[in-house]
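With mmCIF, C-alpha atoms and all ligand atoms inside, this is coords19.cif:
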```cif
data_my_file
loop_
_atom_site.group_PDB
_atom_site.id
_atom_site.type_symbol
_atom_site.label_atom_id
_atom_site.label_comp_id
_atom_site.auth_asym_id
_atom_site.auth_seq_id
_atom_site.Cartn_x
_atom_site.Cartn_y
_atom_site.Cartn_z
ATOM 1 C CA MET A 137 0.000 0.000 0.000
ATOM 2 C CA SER A 138 1.354 3.425 -0.878
ATOM 3 C CA PRO A 139 1.724 5.843 2.013
ATOM 4 C CA ASP A 140 -0.722 8.221 0.347
ATOM 5 C CA SER A 141 -3.569 5.739 0.338
ATOM 6 C CA ARG A 142 -3.555 5.918 4.124
ATOM 7 C CA LEU A 143 -4.594 9.509 4.086
ATOM 8 C CA PRO A 144 -7.765 9.835 2.034
ATOM 9 C CA ILE A 145 -9.364 11.744 4.909
ATOM 10 C CA PRO A 146 -6.624 14.231 5.789
ATOM 11 C CA ASP A 147 -8.494 16.397 8.255
ATOM 12 C CA SER A 148 -9.912 15.346 11.609
ATOM 13 C CA ARG A 149 -12.736 17.853 11.038
ATOM 14 C CA LEU A 150 -14.275 15.483 8.598
ATOM 15 C CA PRO A 151 -17.804 16.260 7.486
ATOM 16 C CA MET A 152 -20.349 14.289 9.494
ATOM 17 C CA THR A 153 -21.942 12.752 6.440
ATOM 18 C CA ASP A 154 -18.562 11.406 5.313
ATOM 19 C CA LEU A 155 -17.945 9.584 8.566
ATOM 20 C CA LEU A 156 -21.458 8.139 8.679
ATOM 21 C CA SER A 157 -21.461 7.097 5.051
ATOM 22 C CA SER A 158 -17.956 5.552 5.357
ATOM 23 C CA LEU A 159 -19.083 3.618 8.412
ATOM 24 C CA ASP A 160 -22.228 2.470 6.665
ATOM 25 C CA SER A 161 -20.239 1.308 3.610
ATOM 26 C CA ALA A 162 -17.967 -0.690 5.917
ATOM 27 C CA VAL A 163 -20.944 -2.173 7.756
ATOM 28 C CA SER A 164 -22.626 -3.208 4.527
ATOM 29 C CA VAL A 165 -19.479 -5.169 3.542
ATOM 30 C CA LEU A 166 -19.402 -6.757 7.010
ATOM 31 C CA ARG A 167 -23.068 -7.753 6.692
ATOM 32 C CA GLN A 168 -22.484 -9.210 3.235
ATOM 33 C CA ARG A 169 -19.325 -11.110 4.096
ATOM 34 C CA VAL A 170 -20.095 -12.118 7.689
ATOM 35 C CA GLY A 171 -23.756 -11.484 8.514
ATOM 36 C CA ALA A 172 -25.049 -10.541 11.945
ATOM 37 C CA PRO A 173 -22.737 -8.690 14.358
ATOM 38 C CA PRO A 174 -20.671 -10.841 16.744
ATOM 39 C CA ASP A 175 -21.100 -10.824 20.536
ATOM 40 C CA VAL A 176 -17.779 -9.159 21.192
ATOM 41 C CA ALA A 177 -14.910 -7.510 19.324
ATOM 42 C CA VAL A 178 -11.339 -7.784 20.594
ATOM 43 C CA VAL A 179 -8.636 -5.413 19.372
ATOM 44 C CA LEU A 180 -5.336 -7.286 19.579
ATOM 45 C CA GLY A 181 -2.277 -5.281 20.572
ATOM 46 C CA THR A 182 1.342 -5.629 19.485
ATOM 47 C CA GLY A 183 2.446 -9.273 19.583
ATOM 48 C CA LEU A 184 -0.965 -10.457 20.835
ATOM 49 C CA GLY A 185 -2.472 -11.313 17.439
ATOM 50 C CA ASP A 186 -2.400 -15.116 17.969
ATOM 51 C CA PHE A 187 -5.762 -15.076 19.680
ATOM 52 C CA ALA A 188 -7.341 -14.578 16.233
ATOM 53 C CA ASN A 189 -6.065 -18.036 15.179
ATOM 54 C CA THR A 190 -8.033 -19.715 17.964
ATOM 55 C CA LEU A 191 -11.381 -18.805 16.361
ATOM 56 C CA THR A 192 -13.036 -21.511 14.235
ATOM 57 C CA GLU A 193 -15.398 -21.310 11.231
ATOM 58 C CA ALA A 194 -13.718 -17.981 10.671
ATOM 59 C CA THR A 195 -14.182 -15.375 7.986
ATOM 60 C CA VAL A 196 -10.877 -13.585 7.450
ATOM 61 C CA LEU A 197 -11.032 -10.124 5.923
ATOM 62 C CA PRO A 198 -7.916 -8.050 5.267
ATOM 63 C CA TYR A 199 -8.573 -4.497 6.463
ATOM 64 C CA ALA A 200 -7.980 -3.364 2.873
ATOM 65 C CA ALA A 201 -11.152 -5.264 1.849
ATOM 66 C CA ILE A 202 -13.303 -3.062 4.102
ATOM 67 C CA PRO A 203 -13.919 0.449 2.768
ATOM 68 C CA GLY A 204 -12.555 3.235 4.968
ATOM 69 C CA TRP A 205 -10.649 0.875 7.279
ATOM 70 C CA PRO A 206 -7.024 1.960 7.805
ATOM 71 C CA SER A 207 -4.309 -0.679 7.961
ATOM 72 C CA SER A 208 -1.330 -0.673 10.307
ATOM 73 C CA SER A 209 2.253 -0.586 9.125
ATOM 74 C CA VAL A 210 3.716 -1.671 12.479
ATOM 75 C CA VAL A 211 5.667 -4.926 12.825
ATOM 76 C CA GLY A 212 3.595 -7.278 14.990
ATOM 77 C CA HIS A 213 0.275 -5.999 13.629
ATOM 78 C CA ALA A 214 -1.322 -8.179 10.962
ATOM 79 C CA GLY A 215 -4.090 -5.939 9.620
ATOM 80 C CA THR A 216 -6.878 -8.496 9.394
ATOM 81 C CA LEU A 217 -10.347 -8.835 10.802
ATOM 82 C CA VAL A 218 -11.157 -12.412 11.812
ATOM 83 C CA VAL A 219 -14.751 -13.177 12.751
ATOM 84 C CA GLY A 220 -15.380 -16.661 14.043
ATOM 85 C CA THR A 221 -16.654 -18.914 16.789
ATOM 86 C CA HIS A 222 -14.941 -18.911 20.153
ATOM 87 C CA ARG A 223 -14.687 -22.121 22.184
ATOM 88 C CA SER A 224 -17.377 -20.726 24.504
ATOM 89 C CA GLY A 225 -19.763 -20.594 21.550
ATOM 90 C CA ALA A 226 -19.562 -16.797 21.441
ATOM 91 C CA ARG A 227 -19.153 -15.159 18.068
ATOM 92 C CA VAL A 228 -16.074 -13.008 18.228
ATOM 93 C CA ALA A 229 -14.449 -10.445 15.952
ATOM 94 C CA ALA A 230 -10.689 -10.268 16.413
ATOM 95 C CA LEU A 231 -9.061 -7.128 15.062
ATOM 96 C CA ALA A 232 -5.486 -8.252 14.493
ATOM 97 C CA GLY A 233 -3.682 -4.943 14.169
ATOM 98 C CA ARG A 234 -4.694 -1.346 14.710
ATOM 99 C CA ALA A 235 -3.859 2.063 13.308
ATOM 100 C CA HIS A 236 -1.833 4.259 15.668
ATOM 101 C CA LEU A 237 -1.738 8.036 15.729
ATOM 102 C CA TYR A 238 2.054 8.002 15.404
ATOM 103 C CA GLU A 239 1.685 6.404 11.955
ATOM 104 C CA GLY A 240 0.181 9.684 10.830
ATOM 105 C CA TYR A 241 -3.486 8.800 10.862
ATOM 106 C CA PRO A 242 -5.881 11.489 11.962
ATOM 107 C CA VAL A 243 -7.426 10.333 15.226
ATOM 108 C CA THR A 244 -10.881 10.012 13.618
ATOM 109 C CA ARG A 245 -9.396 7.463 11.179
ATOM 110 C CA ALA A 246 -7.490 5.562 13.866
ATOM 111 C CA VAL A 247 -10.784 4.685 15.586
ATOM 112 C CA PHE A 248 -12.584 3.713 12.368
ATOM 113 C CA GLY A 249 -12.364 -0.054 12.989
ATOM 114 C CA VAL A 250 -13.833 0.173 16.466
ATOM 115 C CA ARG A 251 -16.540 2.545 15.273
ATOM 116 C CA ALA A 252 -17.396 0.158 12.410
ATOM 117 C CA MET A 253 -17.764 -2.702 14.928
ATOM 118 C CA VAL A 254 -20.149 -0.720 17.107
ATOM 119 C CA ARG A 255 -22.095 0.644 14.118
ATOM 120 C CA TRP A 256 -22.457 -2.990 12.940
ATOM 121 C CA GLY A 257 -24.074 -3.770 16.316
ATOM 122 C CA VAL A 258 -21.249 -5.110 18.506
ATOM 123 C CA ARG A 259 -22.032 -4.147 22.115
ATOM 124 C CA ARG A 260 -18.775 -5.150 23.854
ATOM 125 C CA ILE A 261 -15.294 -4.040 22.873
ATOM 126 C CA VAL A 262 -12.154 -5.469 24.474
ATOM 127 C CA LEU A 263 -9.042 -3.380 23.825
ATOM 128 C CA THR A 264 -5.646 -4.969 24.386
ATOM 129 C CA ASN A 265 -2.194 -3.474 24.098
ATOM 130 C CA ALA A 266 1.465 -3.761 24.914
ATOM 131 C CA ALA A 267 2.489 -1.202 27.522
ATOM 132 C CA GLY A 268 5.465 -0.098 29.567
ATOM 133 C CA GLY A 269 5.211 -0.642 33.320
ATOM 134 C CA ILE A 270 5.366 2.539 35.374
ATOM 135 C CA ASN A 271 4.218 0.847 38.563
ATOM 136 C CA THR A 272 7.411 -0.751 39.918
ATOM 137 C CA ALA A 273 5.395 -3.622 41.406
ATOM 138 C CA PHE A 274 4.617 -4.880 37.873
ATOM 139 C CA THR A 275 6.904 -7.564 36.481
ATOM 140 C CA GLN A 276 7.731 -7.869 32.802
ATOM 141 C CA GLY A 277 4.989 -9.954 31.177
ATOM 142 C CA ALA A 278 2.333 -9.055 33.777
ATOM 143 C CA LEU A 279 -1.228 -8.485 32.548
ATOM 144 C CA MET A 280 -3.071 -5.389 33.760
ATOM 145 C CA LEU A 281 -6.800 -4.734 33.696
ATOM 146 C CA ILE A 282 -7.336 -1.090 32.786
ATOM 147 C CA ASP A 283 -9.435 0.600 35.475
ATOM 148 C CA ASP A 284 -9.207 4.058 33.930
ATOM 149 C CA HIS A 285 -7.031 6.074 31.601
ATOM 150 C CA ILE A 286 -5.191 9.374 31.273
ATOM 151 C CA ASN A 287 -5.223 10.894 27.799
ATOM 152 C CA MET A 288 -1.871 12.589 27.074
ATOM 153 C CA LEU A 289 -2.249 12.303 23.298
ATOM 154 C CA GLY A 290 -3.139 15.953 22.971
ATOM 155 C CA THR A 291 -6.146 15.031 20.870
ATOM 156 C CA ASN A 292 -9.449 13.222 21.073
ATOM 157 C CA PRO A 293 -11.362 11.206 18.445
ATOM 158 C CA LEU A 294 -14.445 13.340 19.049
ATOM 159 C CA VAL A 295 -12.774 16.581 17.963
ATOM 160 C CA GLY A 296 -14.692 18.100 15.069
ATOM 161 C CA PRO A 297 -18.408 18.271 14.374
ATOM 162 C CA ASN A 298 -20.339 15.796 16.496
ATOM 163 C CA VAL A 299 -22.216 13.071 14.644
ATOM 164 C CA GLU A 300 -25.462 12.967 16.625
ATOM 165 C CA GLU A 301 -26.399 9.588 15.119
ATOM 166 C CA LEU A 302 -23.320 8.106 16.810
ATOM 167 C CA GLY A 303 -23.443 9.757 20.226
ATOM 168 C CA VAL A 304 -23.719 12.941 22.231
ATOM 169 C CA ARG A 305 -21.393 15.971 22.016
ATOM 170 C CA PHE A 306 -20.060 15.644 25.576
ATOM 171 C CA PRO A 307 -20.108 11.954 26.484
ATOM 172 C CA ASP A 308 -19.525 10.886 30.081
ATOM 173 C CA MET A 309 -16.179 9.175 30.726
ATOM 174 C CA THR A 310 -16.717 8.373 34.412
ATOM 175 C CA TYR A 311 -17.372 4.742 33.520
ATOM 176 C CA VAL A 312 -15.367 4.401 30.314
ATOM 177 C CA TYR A 313 -14.142 0.931 31.358
ATOM 178 C CA ASP A 314 -17.356 -0.947 32.064
ATOM 179 C CA ARG A 315 -17.728 -2.077 35.661
ATOM 180 C CA ASP A 316 -19.506 -5.342 34.830
ATOM 181 C CA LEU A 317 -16.858 -6.268 32.278
ATOM 182 C CA ARG A 318 -14.104 -5.438 34.758
ATOM 183 C CA ALA A 319 -15.727 -7.705 37.347
ATOM 184 C CA MET A 320 -15.935 -10.513 34.759
ATOM 185 C CA ALA A 321 -12.253 -10.073 33.838
ATOM 186 C CA LEU A 322 -11.274 -10.389 37.503
ATOM 187 C CA GLU A 323 -13.456 -13.500 37.873
ATOM 188 C CA ALA A 324 -11.840 -14.944 34.746
ATOM 189 C CA ALA A 325 -8.394 -14.286 36.250
ATOM 190 C CA ALA A 326 -9.356 -16.010 39.500
ATOM 191 C CA GLU A 327 -10.821 -18.978 37.629
ATOM 192 C CA THR A 328 -7.811 -19.502 35.358
ATOM 193 C CA GLY A 329 -5.140 -18.615 37.908
ATOM 194 C CA VAL A 330 -3.678 -16.030 35.511
ATOM 195 C CA PRO A 331 -2.471 -13.117 37.673
ATOM 196 C CA LEU A 332 -4.200 -9.888 36.674
ATOM 197 C CA GLN A 333 -2.990 -6.533 37.982
ATOM 198 C CA ARG A 334 -5.169 -3.437 37.875
ATOM 199 C CA GLY A 335 -4.191 0.063 37.023
ATOM 200 C CA ILE A 336 -4.356 3.304 35.108
ATOM 201 C CA TYR A 337 -3.216 3.368 31.469
ATOM 202 C CA LEU A 338 -1.694 6.582 30.176
ATOM 203 C CA ALA A 339 -1.567 7.165 26.415
ATOM 204 C CA THR A 340 1.235 9.085 24.725
ATOM 205 C CA LEU A 341 1.525 9.873 21.024
ATOM 206 C CA GLY A 342 4.880 8.173 20.449
ATOM 207 C CA PRO A 343 6.545 6.782 18.424
ATOM 208 C CA SER A 344 9.596 7.653 20.512
ATOM 209 C CA TYR A 345 9.447 5.993 23.882
ATOM 210 C CA GLU A 346 9.177 8.265 26.883
ATOM 211 C CA THR A 347 12.072 9.831 28.757
ATOM 212 C CA PRO A 348 12.759 8.788 32.366
ATOM 213 C CA ALA A 349 11.650 12.290 33.454
ATOM 214 C CA GLU A 350 8.323 11.841 31.670
ATOM 215 C CA ILE A 351 7.828 8.466 33.314
ATOM 216 C CA ARG A 352 8.492 9.977 36.768
ATOM 217 C CA ALA A 353 5.975 12.716 35.958
ATOM 218 C CA PHE A 354 3.381 10.173 34.760
ATOM 219 C CA ARG A 355 3.854 8.167 37.963
ATOM 220 C CA THR A 356 3.142 11.296 39.976
ATOM 221 C CA LEU A 357 -0.032 11.740 37.920
ATOM 222 C CA GLY A 358 -1.208 8.285 38.947
ATOM 223 C CA ALA A 359 -0.349 6.216 35.874
ATOM 224 C CA ASP A 360 0.606 2.536 36.219
ATOM 225 C CA ALA A 361 1.294 1.781 32.552
ATOM 226 C CA VAL A 362 2.084 3.754 29.416
ATOM 227 C CA GLY A 363 1.346 3.014 25.777
ATOM 228 C CA MET A 364 0.534 4.535 22.402
ATOM 229 C CA SER A 365 -2.977 3.263 21.683
ATOM 230 C CA THR A 366 -6.302 2.219 23.242
ATOM 231 C CA VAL A 367 -7.463 5.589 24.618
ATOM 232 C CA PRO A 368 -8.929 6.924 21.324
ATOM 233 C CA GLU A 369 -10.705 3.607 20.714
ATOM 234 C CA ALA A 370 -12.089 3.543 24.264
ATOM 235 C CA ILE A 371 -13.433 7.101 23.890
ATOM 236 C CA ALA A 372 -15.000 6.404 20.479
ATOM 237 C CA ALA A 373 -16.612 3.132 21.594
ATOM 238 C CA ARG A 374 -17.966 4.789 24.737
ATOM 239 C CA HIS A 375 -19.257 7.704 22.658
ATOM 240 C CA MET A 376 -21.317 5.157 20.720
ATOM 241 C CA GLY A 377 -22.582 3.471 23.891
ATOM 242 C CA ALA A 378 -20.629 0.201 23.727
ATOM 243 C CA ALA A 379 -19.247 -1.439 26.882
ATOM 244 C CA VAL A 380 -15.450 -1.253 26.904
ATOM 245 C CA ALA A 381 -12.789 -3.326 28.656
ATOM 246 C CA GLY A 382 -9.006 -2.939 28.416
ATOM 247 C CA ILE A 383 -6.121 -5.290 29.135
ATOM 248 C CA SER A 384 -2.456 -4.287 28.922
ATOM 249 C CA CYS A 385 0.451 -6.657 28.618
ATOM 250 C CA ILE A 386 3.340 -5.049 30.512
ATOM 251 C CA THR A 387 6.058 -5.873 28.009
ATOM 252 C CA ASN A 388 8.854 -3.809 29.569
ATOM 253 C CA PRO A 389 9.669 -1.594 32.508
ATOM 254 C CA ALA A 390 8.978 1.986 31.323
ATOM 255 C CA ALA A 391 11.964 4.241 30.574
ATOM 256 C CA GLY A 392 14.243 4.806 33.541
ATOM 257 C CA VAL A 393 12.508 2.227 35.769
ATOM 258 C CA VAL A 394 15.613 0.154 35.078
ATOM 259 C CA ASP A 395 18.838 1.609 33.677
ATOM 260 C CA GLU A 396 18.513 0.104 30.183
ATOM 261 C CA PRO A 397 17.363 1.340 26.767
ATOM 262 C CA LEU A 398 13.950 0.280 25.417
ATOM 263 C CA ASP A 399 13.674 -1.841 22.291
ATOM 264 C CA HIS A 400 10.604 -2.774 20.226
ATOM 265 C CA ASP A 401 11.989 -6.323 19.785
ATOM 266 C CA ASP A 402 11.826 -6.822 23.572
ATOM 267 C CA VAL A 403 8.219 -5.601 23.536
ATOM 268 C CA MET A 404 7.373 -8.211 20.887
ATOM 269 C CA GLN A 405 9.296 -10.977 22.638
ATOM 270 C CA THR A 406 7.606 -10.406 25.999
ATOM 271 C CA ALA A 407 4.152 -10.255 24.391
ATOM 272 C CA SER A 408 4.834 -13.515 22.600
ATOM 273 C CA ARG A 409 6.176 -15.156 25.789
ATOM 274 C CA VAL A 410 2.926 -14.485 27.680
ATOM 275 C CA ARG A 411 0.520 -15.182 24.818
ATOM 276 C CA GLY A 412 -0.570 -18.517 26.404
ATOM 277 C CA GLN A 413 -1.632 -16.756 29.608
ATOM 278 C CA PHE A 414 -3.153 -13.889 27.677
ATOM 279 C CA ILE A 415 -5.268 -16.246 25.544
ATOM 280 C CA ALA A 416 -6.303 -18.294 28.618
ATOM 281 C CA LEU A 417 -7.481 -15.126 30.358
ATOM 282 C CA LEU A 418 -9.285 -13.828 27.280
ATOM 283 C CA ASP A 419 -10.951 -17.234 26.756
ATOM 284 C CA ALA A 420 -12.370 -17.285 30.277
ATOM 285 C CA PHE A 421 -13.327 -13.599 30.064
ATOM 286 C CA ILE A 422 -15.273 -14.050 26.815
ATOM 287 C CA ALA A 423 -16.930 -17.212 28.141
ATOM 288 C CA ARG A 424 -18.227 -15.195 31.108
ATOM 289 C CA MET A 425 -19.570 -12.424 28.897
ATOM 290 C CA VAL A 426 -21.831 -14.808 26.974
ATOM 291 C CA GLN A 427 -22.905 -16.819 30.033
ATOM 292 C CA ARG A 428 -24.822 -13.872 31.418
HETATM 293 N N1 LIG A 501 6.057 3.092 26.273
HETATM 294 C C1 LIG A 501 5.086 3.331 25.362
HETATM 295 N N2 LIG A 501 4.488 2.367 24.680
HETATM 296 C C2 LIG A 501 4.861 1.104 24.910
HETATM 297 C C3 LIG A 501 5.863 0.780 25.834
HETATM 298 C C4 LIG A 501 6.483 1.828 26.561
HETATM 299 O O1 LIG A 501 7.390 1.635 27.397
HETATM 300 N N3 LIG A 501 5.990 -0.575 25.816
HETATM 301 C C5 LIG A 501 5.095 -1.041 24.920
HETATM 302 N N4 LIG A 501 4.411 -0.040 24.365
#
```
As structure tokens, what does this structure read like?
Amino acid sequence: MSPDSRLPIPDSRLPMTDLLSSLDSAVSVLRQRVGAPPDVAVVLGTGLGDFANTLTEATVLPYAAIPGWPSSSVVGHAGTLVVGTHRSGARVAALAGRAHLYEGYPVTRAVFGVRAMVRWGVRRIVLTNAAGGINTAFTQGALMLIDDHINMLGTNPLVGPNVEELGVRFPDMTYVYDRDLRAMALEAAAETGVPLQRGIYLATLGPSYETPAEIRAFRTLGADAVGMSTVPEAIAARHMGAAVAGISCITNPAAGVVDEPLDHDDVMQTASRVRGQFIALLDAFIARMVQR
């Protein structure tokens, strides 16, 4: 794909009709190729894409086959939508790969996939990511349930004219990470024996990692983990009324927590080392969602 084809909508102040009609074009392809909306959509973070391979009777759609859907250029992000049956019987959409703001996408485009899921009729969105550990109690490879977030991206996916058909102008963010889903994730952790930390996720633009001074500042602000995604998707999904959950894989101590440079290969390696635990937790979590 040429770099230019990623930027057909260059301005975040995109006309409302464009966003709605792009979403509706995407949804009509999803209806044609897949049918009814699945029970849950899971956005798979860096190195966590394997979960998509556990779904059976799957329809696999490259993002490029869905109009308006941006693809990711990041190593460790596949760029495919897999909709299939989970071992619990739930129908699940796995979004293997996401568009990040640091790739140059306007924030309204970066959340397109999640918005398309919710517009299709998906009511639960699980956002996963690789993150740096700010909380010094977190070990490398720990999983963290996101209780809340801090948006340090300097932007918001709702900037621009509000699309009333999607949600209100000033949506509440008190309960952005759904309390029932959080309770189910903790039950799933207890049931599977997979340790699950809890904490606050802080989003930065990237793509440079943070400085040690920034990490000390973020700790003072109350952040436990830092990453470059998730927050725009959580805001957009909440804007549209979906229930959101977030799980971070702490792939590395954040900058300056230990006296070593950060490396994307380490992030990938840690995520791949814990994928068994991650999938076990996600399996039990999804099973609980459809039991109720
Ligand atoms: N900082 C920001 N994003 C990240 C990190 C980090 O340390 N690790 C994985 N994603």
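For segment 412-415 of chain A, the set of protein, DNA and RNA residues having any atom at most 8 Å away, when counting all atoms listed in the file and skipping those fewer than 4 positions along the same chain, is Leu184, Phe187, Leu279, Val330 and Asp419 of chain A.
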Just-selected residues, C-alpha atoms written as a JSON list (two decimals), in the frame of the given file:
```json
[["chain", "number", "residue", "atom", "x", "y", "z"],
["A", 184, "LEU", "CA", -0.96, -10.46, 20.84],
["A", 187, "PHE", "CA", -5.76, -15.08, 19.68],
["A", 279, "LEU", "CA", -1.23, -8.48, 32.55],
["A", 330, "VAL", "CA", -3.68, -16.03, 35.51],
["A", 419, "ASP", "CA", -10.95, -17.23, 26.76]]
```
Tell me which residues the PyMOL selection byres (((chain A and resi 282-291) around 9) and not hetatm) grabs here, as JSON, numbers by chain.
{"A": [237, 243, 280, 281, 292, 293, 294, 295, 310, 311, 312, 313, 314, 315, 318, 333, 334, 335, 336, 337, 338, 339, 340, 341, 342, 357, 358, 359, 364, 367, 368, 381, 382, 383, 384]}
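Ranking A:Pro343, A:Pro203, A:Gly220, A:Gly329 by their shortest atom-to-atom distance to Thr190 of chain A, with all atoms listed in the file included, puts A:Gly220 first.
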Residues near segment 262-270 of chain A, cut-off 9 Å, all atoms listed in the file, skip fewer than 6 positions along chain, as an NGL selection string
:A and (176-184 or 276 or 278 or 337 or 351-352 or 354-355 or 359-366 or 369-370 or 379-391 or 393 or 403-404 or 407)
I'd like the box whose edges run along x, y and z of the file and which contains every listed atom of ligand LIG 501 (chain A), padded by 3 Å per side; could you state its centre and edge lengths in Å, one decimal, as lines of an AutoDock Vina configuration file?
```
center_x = 5.9
center_y = 1.1
center_z = 25.9
size_x = 9.0
size_y = 10.4
size_z = 9.0
```
So that I can see what lies close to Glu300 of chain A, please list as a PyMOL selection string the residues with an atom at most 12 Å from it, counting all atoms listed in the file and leaving out residues fewer than 2 positions away in the same chain.
chain A and resi 152-153+155-156+294+297-298+302-307+375-376
Please list as a PyMOL selection string every residue within 8 Å of Val250 of chain A, counting only C-alpha atoms and excluding residues in the same chain fewer than 2 positions away.
chain A and resi 247-248+252-254+261+369+372-373
Separating atom CA of Thr275 of chain A from atom CA of Met425 of chain A, to the nearest tenth of an Å, is a gap of 28.0 Å
Interatomic distance (Å, one decimal) between atom CA of Tyr238 of chain A and atom CA of Leu159 of chain A:
22.7 Å
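Nearest-residue note for ligand LIG 501 (chain A): choosing from A:Tyr241, A:Phe421, A:Trp205, A:Tyr345, the minimum distance belongs to A:Tyr345, counting all atoms listed in the file.
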Have segment 361-367 of chain A completed to all heavy atoms, please, and pass it along as a CSV table (one decimal), in the coordinates of the input.
```
chain,number,residue,atom,x,y,z
A,361,ALA,N,0.8,2.3,33.8
A,361,ALA,CA,1.3,1.8,32.6
A,361,ALA,C,1.2,2.9,31.5
A,361,ALA,O,0.3,3.7,31.6
A,361,ALA,CB,0.5,0.5,32.1
A,362,VAL,N,2.1,2.8,30.5
A,362,VAL,CA,2.1,3.8,29.4
A,362,VAL,C,2.1,3.1,28.1
A,362,VAL,O,2.8,2.1,27.9
A,362,VAL,CB,3.3,4.7,29.6
A,362,VAL,CG1,4.6,4.0,29.5
A,362,VAL,CG2,3.3,5.8,28.5
A,363,GLY,N,1.4,3.6,27.1
A,363,GLY,CA,1.3,3.0,25.8
A,363,GLY,C,0.9,4.0,24.8
A,363,GLY,O,0.7,5.2,25.1
A,364,MET,N,0.8,3.6,23.5
A,364,MET,CA,0.5,4.5,22.4
A,364,MET,C,-0.8,4.3,21.7
A,364,MET,O,-0.9,4.6,20.5
A,364,MET,CB,1.7,4.5,21.4
A,364,MET,CG,3.1,4.8,22.0
A,364,MET,SD,4.4,4.4,20.9
A,364,MET,CE,5.8,4.5,22.0
A,365,SER,N,-1.7,3.6,22.4
A,365,SER,CA,-3.0,3.3,21.7
A,365,SER,C,-4.1,3.3,22.7
A,365,SER,O,-4.1,4.0,23.7
A,365,SER,CB,-2.8,1.9,21.1
A,365,SER,OG,-2.7,0.9,22.1
A,366,THR,N,-5.2,2.6,22.3
A,366,THR,CA,-6.3,2.2,23.2
A,366,THR,C,-7.2,3.4,23.7
A,366,THR,O,-8.4,3.2,23.6
A,366,THR,CB,-5.8,1.5,24.5
A,366,THR,OG1,-5.1,0.3,24.0
A,366,THR,CG2,-6.9,1.1,25.5
A,367,VAL,N,-6.6,4.5,24.1
A,367,VAL,CA,-7.5,5.6,24.6
A,367,VAL,C,-8.4,6.1,23.6
A,367,VAL,O,-9.6,6.3,23.8
A,367,VAL,CB,-6.6,6.7,25.3
A,367,VAL,CG1,-7.3,8.0,25.5
A,367,VAL,CG2,-6.0,6.1,26.6
```
